[in-house]
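Structure file structure35.txt with compact mmCIF, C-alpha atoms and all ligand atoms:
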# COMPACT_ATOMS: atom_id res chain seq x y z
CA MET A 9 1.20 -35.84 -34.51
CA ARG A 10 0.56 -36.51 -30.86
CA ASN A 11 -2.86 -34.97 -30.27
CA ALA A 12 -5.27 -32.28 -31.43
CA THR A 13 -7.78 -30.03 -29.69
CA VAL A 14 -10.53 -27.93 -31.23
CA SER A 15 -11.70 -24.87 -29.34
CA ARG A 16 -13.77 -21.75 -29.87
CA ASP A 17 -12.76 -18.28 -28.74
CA GLY A 18 -14.78 -15.13 -29.40
CA GLY A 19 -16.32 -16.36 -32.66
CA ARG A 20 -13.12 -17.93 -33.97
CA TRP A 21 -12.39 -21.61 -34.17
CA TYR A 22 -8.97 -22.89 -33.28
CA ILE A 23 -7.29 -26.19 -33.76
CA SER A 24 -4.27 -26.86 -31.59
CA PHE A 25 -2.06 -29.82 -32.21
CA CYS A 26 1.00 -31.22 -30.63
CA VAL A 27 3.71 -32.58 -32.91
CA GLU A 28 7.24 -33.90 -32.76
CA ASP A 29 8.91 -30.98 -34.47
CA ALA A 30 12.30 -32.71 -34.66
CA VAL A 31 13.95 -29.40 -33.83
CA ALA A 32 16.89 -29.97 -31.56
CA GLU A 33 16.91 -27.98 -28.36
CA ALA A 34 19.51 -25.23 -28.64
CA ALA A 35 22.70 -25.57 -26.62
CA PRO A 36 22.92 -23.23 -23.61
CA ASN A 37 23.58 -19.73 -24.90
CA GLY A 38 25.86 -18.84 -22.00
CA LYS A 39 24.42 -15.36 -21.63
CA ARG A 40 23.87 -13.55 -18.37
CA PRO A 41 20.91 -14.48 -16.17
CA VAL A 42 17.93 -12.24 -15.49
CA GLY A 43 15.00 -12.06 -13.10
CA ALA A 44 11.57 -11.03 -14.37
CA ASP A 45 8.74 -9.75 -12.20
CA ARG A 46 5.09 -9.09 -12.86
CA GLY A 47 5.38 -5.43 -12.14
CA VAL A 48 2.92 -3.23 -10.35
CA ALA A 49 4.00 -0.01 -12.07
CA VAL A 50 4.63 -1.80 -15.38
CA ALA A 51 3.58 -5.15 -16.84
CA VAL A 52 6.97 -6.87 -16.63
CA ALA A 53 10.16 -5.58 -15.02
CA THR A 54 13.57 -7.20 -15.21
CA SER A 55 16.51 -7.25 -12.81
CA ASP A 56 18.67 -5.33 -15.28
CA GLY A 57 16.18 -2.48 -15.30
CA GLY A 58 14.16 -3.48 -18.36
CA LEU A 59 10.53 -2.38 -18.28
CA TYR A 60 8.07 -4.05 -20.63
CA ASP A 61 4.59 -2.66 -20.87
CA ARG A 62 1.60 -2.58 -23.14
CA VAL A 63 -1.94 -1.28 -23.00
CA PHE A 64 -4.18 -4.29 -23.42
CA ALA A 65 -7.47 -2.41 -23.55
CA SER A 66 -7.84 1.21 -24.67
CA PRO A 67 -9.95 3.56 -22.53
CA GLY A 68 -12.67 3.30 -25.18
CA GLU A 69 -12.59 -0.48 -25.09
CA THR A 70 -12.64 -0.48 -21.31
CA ALA A 71 -15.77 1.69 -21.33
CA ARG A 72 -17.38 -0.51 -23.97
CA LEU A 73 -16.55 -3.64 -22.02
CA LYS A 74 -18.27 -2.19 -18.97
CA ARG A 75 -21.31 -1.10 -20.98
CA LEU A 76 -21.76 -4.48 -22.66
CA GLN A 77 -21.39 -6.31 -19.38
CA GLN A 78 -24.04 -4.10 -17.79
CA ARG A 79 -26.37 -4.65 -20.72
CA LEU A 80 -25.87 -8.38 -20.48
CA SER A 81 -26.73 -8.50 -16.79
CA ARG A 82 -29.72 -6.17 -17.22
CA SER A 83 -31.18 -8.30 -19.99
CA LEU A 84 -31.26 -11.25 -17.60
CA CYS A 85 -34.13 -10.10 -15.43
CA VAL A 86 -37.25 -8.69 -17.10
CA HIS A 87 -39.69 -9.30 -19.98
CA GLY A 88 -40.41 -12.15 -22.33
CA ARG A 89 -37.66 -14.65 -22.57
CA ASN A 90 -37.51 -15.15 -26.34
CA ARG A 91 -37.40 -11.52 -27.36
CA ARG A 92 -34.73 -10.85 -24.79
CA SER A 93 -32.58 -13.84 -25.49
CA LYS A 94 -31.99 -12.81 -29.07
CA ARG A 95 -30.71 -9.41 -27.98
CA ARG A 96 -28.68 -11.18 -25.35
CA ASP A 97 -26.96 -13.29 -28.00
CA VAL A 98 -25.97 -10.15 -29.90
CA VAL A 99 -24.50 -8.53 -26.79
CA ARG A 100 -22.74 -11.72 -25.86
CA ALA A 101 -21.19 -12.03 -29.31
CA ARG A 102 -19.92 -8.42 -29.18
CA LEU A 103 -18.49 -9.00 -25.74
CA GLY A 104 -16.83 -12.19 -26.92
CA ARG A 105 -15.15 -10.43 -29.84
CA LEU A 106 -13.87 -7.66 -27.59
CA HIS A 107 -12.46 -10.16 -25.12
CA ALA A 108 -10.84 -12.09 -27.96
CA ARG A 109 -9.15 -8.92 -29.22
CA ILE A 110 -7.72 -8.19 -25.77
CA ARG A 111 -6.63 -11.81 -25.39
CA SER A 112 -4.74 -11.76 -28.67
CA ARG A 113 -2.90 -8.58 -27.64
CA ARG A 114 -1.95 -10.27 -24.41
CA ALA A 115 -0.71 -13.31 -26.32
CA ASP A 116 1.37 -11.08 -28.64
CA PHE A 117 2.88 -9.28 -25.69
CA ALA A 118 3.69 -12.57 -23.96
CA ALA A 119 5.32 -14.05 -27.07
CA GLN A 120 7.37 -10.95 -27.86
CA THR A 121 8.50 -10.40 -24.28
CA ALA A 122 9.38 -14.09 -23.88
CA VAL A 123 11.54 -14.16 -27.01
CA ARG A 124 13.40 -11.01 -26.01
CA LEU A 125 14.13 -12.44 -22.56
CA VAL A 126 15.41 -15.85 -23.67
CA ARG A 127 17.36 -14.44 -26.61
CA ASP A 128 19.37 -12.13 -24.39
CA HIS A 129 19.71 -14.32 -21.30
CA GLY A 130 20.91 -17.80 -20.39
CA LEU A 131 18.61 -18.12 -17.40
CA VAL A 132 15.28 -16.43 -16.69
CA ALA A 133 14.02 -16.53 -13.11
CA VAL A 134 10.28 -15.94 -12.64
CA GLU A 135 7.67 -16.20 -9.92
CA ASP A 136 6.08 -19.58 -9.46
CA LEU A 137 2.42 -19.05 -10.32
CA ARG A 138 1.11 -21.81 -8.09
CA VAL A 139 2.73 -20.31 -5.02
CA ARG A 140 1.36 -16.87 -5.91
CA ASN A 141 -2.16 -18.19 -6.33
CA MET A 142 -2.16 -19.53 -2.82
CA THR A 143 -1.40 -16.14 -1.33
CA VAL A 144 -3.47 -13.84 -3.49
CA SER A 145 -6.64 -12.14 -2.27
CA ALA A 146 -9.02 -9.56 -3.66
CA SER A 147 -7.69 -6.86 -1.38
CA GLY A 148 -4.09 -7.49 -2.32
CA THR A 149 -1.54 -9.74 -0.67
CA ALA A 150 0.51 -8.98 2.37
CA ASP A 151 3.50 -9.12 0.08
CA ARG A 152 2.02 -6.74 -2.46
CA PRO A 153 -0.27 -4.39 -0.65
CA GLY A 154 -3.04 -3.03 -2.77
CA ARG A 155 -1.92 -4.72 -5.94
CA ASN A 156 -5.47 -5.69 -6.82
CA VAL A 157 -7.28 -2.64 -5.51
CA ARG A 158 -5.46 0.03 -7.43
CA ALA A 159 -8.06 1.88 -9.45
CA LYS A 160 -5.84 3.18 -12.20
CA ALA A 161 -4.63 0.47 -14.55
CA GLY A 162 -6.78 -1.93 -12.56
CA LEU A 163 -8.23 -3.53 -15.64
CA ASN A 164 -4.90 -3.89 -17.37
CA ARG A 165 -3.51 -5.40 -14.21
CA ALA A 166 -6.30 -7.95 -14.05
CA ILE A 167 -5.82 -8.74 -17.71
CA LEU A 168 -2.10 -9.20 -17.30
CA ASP A 169 -2.50 -11.27 -14.17
CA LYS A 170 -4.58 -13.67 -16.20
CA GLY A 171 -1.86 -13.59 -18.85
CA TRP A 172 1.06 -14.40 -16.57
CA GLY A 173 0.52 -18.12 -17.09
CA GLY A 174 0.65 -17.43 -20.83
CA LEU A 175 3.94 -15.59 -20.44
CA LEU A 176 5.43 -18.52 -18.51
CA LEU A 177 4.34 -20.95 -21.23
CA ALA A 178 5.74 -18.67 -23.93
CA LEU A 179 9.01 -18.40 -22.01
CA GLU A 180 9.37 -22.15 -21.62
CA HIS A 181 8.57 -22.69 -25.27
CA ALA A 182 10.96 -20.00 -26.56
CA ALA A 183 13.72 -21.01 -24.13
CA ARG A 184 14.21 -24.31 -25.96
CA TYR A 185 15.07 -22.56 -29.19
CA HIS A 186 17.35 -19.94 -27.69
CA GLY A 187 19.38 -22.04 -25.27
CA ALA A 188 17.96 -20.54 -22.08
CA THR A 189 16.62 -22.06 -18.87
CA VAL A 190 13.50 -20.89 -17.04
CA VAL A 191 13.53 -21.20 -13.25
CA LYS A 192 10.44 -20.70 -11.09
CA VAL A 193 10.92 -19.37 -7.60
CA ASN A 194 8.79 -18.75 -4.54
CA PRO A 195 7.71 -15.11 -4.86
CA ALA A 196 7.18 -14.52 -1.12
CA PHE A 197 8.69 -11.24 0.09
CA THR A 198 10.43 -10.46 -3.19
CA SER A 199 8.74 -7.05 -3.25
CA GLN A 200 9.57 -6.08 0.34
CA THR A 201 13.15 -7.30 0.53
CA CYS A 202 15.95 -4.80 -0.02
CA ASN A 203 18.20 -6.13 -2.73
CA ALA A 204 21.15 -4.17 -1.35
CA CYS A 205 21.11 -5.22 2.33
CA GLY A 206 18.51 -7.99 2.52
CA HIS A 207 16.32 -6.20 5.07
CA VAL A 208 12.67 -7.24 4.83
CA ALA A 209 10.09 -4.57 5.59
CA ARG A 210 6.71 -3.73 4.19
CA GLU A 211 7.38 -0.05 4.84
CA SER A 212 10.25 -0.05 2.36
CA ARG A 213 7.71 -0.29 -0.40
CA GLU A 214 7.16 3.44 -0.41
CA SER A 215 4.75 3.50 -3.35
CA GLN A 216 3.76 1.40 -6.34
CA ALA A 217 6.88 2.50 -8.19
CA VAL A 218 9.42 3.34 -5.49
CA PHE A 219 11.33 1.11 -3.10
CA ARG A 220 13.28 2.84 -0.34
CA CYS A 221 14.87 0.58 2.25
CA VAL A 222 14.04 1.62 5.81
CA ALA A 223 17.28 0.04 7.04
CA CYS A 224 19.98 1.16 4.60
CA GLY A 225 18.26 3.85 2.53
CA HIS A 226 18.80 2.00 -0.77
CA GLU A 227 16.40 3.37 -3.36
CA ALA A 228 15.27 1.65 -6.54
CA HIS A 229 12.39 1.12 -8.93
CA ALA A 230 10.16 -1.15 -6.85
CA ASP A 231 9.52 -3.66 -9.63
CA VAL A 232 13.20 -3.82 -10.59
CA ASN A 233 14.17 -4.38 -6.94
CA ALA A 234 11.69 -7.29 -6.83
CA ALA A 235 13.04 -8.71 -10.11
CA LYS A 236 16.56 -8.64 -8.63
CA ASN A 237 15.36 -10.64 -5.63
CA ILE A 238 13.68 -13.13 -7.97
CA LEU A 239 16.96 -13.49 -9.87
CA ALA A 240 18.88 -14.07 -6.62
CA ALA A 241 16.35 -16.73 -5.58
CA GLY A 242 16.56 -18.36 -9.01
CA LEU A 243 20.35 -18.57 -8.86
CA ALA A 244 20.19 -19.98 -5.33
CA VAL A 245 17.61 -22.60 -6.34
CA THR A 246 19.65 -23.83 -9.30
CA GLY A 247 22.97 -23.60 -7.50
CA ARG A 248 24.17 -21.70 -10.54
CA GLY A 249 25.54 -18.66 -8.80
CA ASP A 250 28.45 -18.96 -11.23
CA LEU A 251 26.17 -17.61 -13.93
CA ALA A 252 26.00 -14.30 -12.14
CA ALA A 253 29.72 -13.89 -12.66
CA GLY A 254 29.17 -14.30 -16.38
CA ARG A 255 30.87 -17.66 -16.76
CA SER A 256 29.42 -19.93 -19.39
CA VAL A 257 27.42 -23.02 -18.51
CA LYS A 258 28.34 -26.57 -19.32
CA ARG A 259 27.09 -27.63 -22.71
CA GLN A 260 24.52 -30.37 -22.67
CA PRO A 261 23.66 -32.70 -25.52
CA PRO A 262 20.63 -31.39 -27.44
CA GLU A 263 17.36 -33.17 -26.89
CA ARG A 264 14.43 -33.63 -29.13
CA LEU A 265 11.15 -32.58 -27.64
CA ALA A 266 7.61 -31.92 -28.72
CA ALA A 267 6.31 -28.48 -29.53
CA CYS A 268 2.77 -27.22 -29.70
CA THR A 269 1.41 -25.14 -32.53
CA ARG A 270 -1.83 -23.26 -32.70
CA LEU A 271 -3.46 -22.49 -35.99
CA SER A 272 -6.34 -20.10 -36.23
CA HIS A 273 -9.13 -20.13 -38.69
CA GLY A 274 -10.88 -16.80 -38.64
CA ASN A 275 -14.52 -16.67 -39.59
CA PRO A 276 -14.77 -13.87 -42.21
CA HIS A 277 -18.38 -13.16 -41.19
CA LEU A 278 -17.47 -12.14 -37.69
ZN ZN A 301 18.56 -2.03 2.51
Can the structure from this file be put into structure tokens for me?
Amino acid sequence: MRNATVSRDGGRWYISFCVEDAVAEAAPNGKRPVGADRGVAVAVATSDGGLYDRVFASPGETARLKRLQQRLSRSLCVHGRNRRSKRRDVVRARLGRLHARIRSRRADFAAQTAVRLVRDHGLVAVEDLRVRNMTVSASGTADRPGRNVRAKAGLNRAILDKGWGGLLLALEHAARYHGATVVKVNPAFTSQTCNACGHVARESRESQAVFRCVACGHEAHADVNAAKNILAAGLAVTGRGDLAAGRSVKRQPPERLAACTRLSHGNPHL
């Protein structure tokens, strides 16, 4: 065992440890490459038209989340500290459990989506999170107008945005076992570039779901168009354009690497 970490999340204790699992990395699976985008209309869209989505918080949970958060902030201000702090602990615990439930759904979604992607594809191109973080703002980025201000699905969006890092980790982990490679690309302009003619224009992004090129008239699902651009960037970065033609990759000797496992110990009283 290499190391262990103990953490607490919404009333549950977790121990994470890193071990040499002695599982050989799978040989490249030789399957076709794919680009995956954090969609605006759906959670994850792929260059071959795949749309992966999930509701992370039900309308009832969303309302409850809001209510608990309001109660928590209200209890901060007035009255005797001791009487209030006990009530505060109760609210905080409820809030923590709700957040934990949403987090575990997000983790499930990430794990399932990741496995499907690396099982069916030899290369998965995704946005580089670090680059995205530099360009993001509360009012949406220039590249993705209004992404963060959309009222509908706003909460799910925020929840998924937080989970994108988790999806990348899940992808990299699963890729080892399924013979796939994960490539991170600069996401700039992927949503405003026409995949058919290469024209870049903000106006082509007609709505959250529709892309219609102002130069050539090409029309596509906006998230799928972006995923196609991410795939093209990924193939350019790796110099593996040959993959697009469906030719198999060179086989590399398997390597032994470390894998991380997370065990949960649920507290039955919570
Ligand atoms: Zn075009």
Using all atoms listed in the file - which residues lie no farther than 6 Å from the point (13.2, -18.0, -20.1) in the file's frame? Write them as a PDB file with C-alpha atoms, in the frame of the given file.
ATOM      1  CA  VAL A 126      15.410 -15.850 -23.670  1.00  0.00           C
ATOM      2  CA  VAL A 132      15.280 -16.430 -16.690  1.00  0.00           C
ATOM      3  CA  LEU A 179       9.010 -18.400 -22.010  1.00  0.00           C
ATOM      4  CA  GLU A 180       9.370 -22.150 -21.620  1.00  0.00           C
ATOM      5  CA  ALA A 183      13.720 -21.010 -24.130  1.00  0.00           C
ATOM      6  CA  ALA A 188      17.960 -20.540 -22.080  1.00  0.00           C
ATOM      7  CA  THR A 189      16.620 -22.060 -18.870  1.00  0.00           C
ATOM      8  CA  VAL A 190      13.500 -20.890 -17.040  1.00  0.00           C
TER       9      VAL A 190
END
Report as a Markdown table: every residue of chain A with an atom at most 8 Å from ligand ZN 301 (chain A), its closest pair of atoms, and their distance in Å to one decimal, counting all atoms listed in the file, with rows sorted by chain and ascending residue number.
| residue | atom | partner | partner_atom | distance |
| --- | --- | --- | --- | --- |
| A:Thr201 | CA | A:ZN301 | ZN | 7.8 |
| A:Cys202 | CA | A:ZN301 | ZN | 4.6 |
| A:Asn203 | CA | A:ZN301 | ZN | 6.7 |
| A:Ala204 | CA | A:ZN301 | ZN | 5.1 |
| A:Cys205 | CA | A:ZN301 | ZN | 4.1 |
| A:Gly206 | CA | A:ZN301 | ZN | 6.0 |
| A:His207 | CA | A:ZN301 | ZN | 5.4 |
| A:Arg220 | CA | A:ZN301 | ZN | 7.7 |
| A:Cys221 | CA | A:ZN301 | ZN | 4.5 |
| A:Val222 | CA | A:ZN301 | ZN | 6.7 |
| A:Ala223 | CA | A:ZN301 | ZN | 5.1 |
| A:Cys224 | CA | A:ZN301 | ZN | 4.1 |
| A:Gly225 | CA | A:ZN301 | ZN | 5.9 |
| A:His226 | CA | A:ZN301 | ZN | 5.2 |
Residue nearest A:Asp231 among A:Gly173, A:Gly57, A:Gly247, A:Pro67 (counting only C-alpha atoms): A:Gly57
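By chain and then residue number, the residues within 12 Å of A:Arg105 are Arg16, Asp17, Gly18, Gly19, Arg20, Glu69, Arg72, Leu73, Leu76, Val98, Val99, Arg100, Ile110, Arg111, Ser112, Gly274, Asn275 and Leu278 of chain A, counting only C-alpha atoms and disregarding those fewer than 5 positions away in sequence.
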Quick one: of A:Leu59, A:Trp21, A:Ala244, A:Gly38, who's nearest to A:Ala108, counting all atoms listed in the file? A:Trp21
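Distances to A:Thr246 were evaluated for A:Phe219, A:Gln77, A:Pro41, A:Ala119 using only C-alpha atoms, and the minimum falls at A:Pro41.
Put simply, atom CA of A:Arg46 is 28.8 Å away from atom CA of A:Arg75.
A straight line drawn from atom CA of A:Ser199 to atom CA of A:Glu135 is 11.4 Å long.
The coordinates place atom CA of A:Gly171 at 6.5 Å from atom CA of A:Arg114.
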With distances taken over all atoms listed in the file, which residue among A:Val191, A:Val134, A:Val245, A:Leu103 lies nearest A:Gln78? A:Leu103
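Distance check against A:Pro195 using only C-alpha atoms: of A:Leu175, A:Thr13, A:Arg109, A:Asp45, the minimum falls on A:Asp45.
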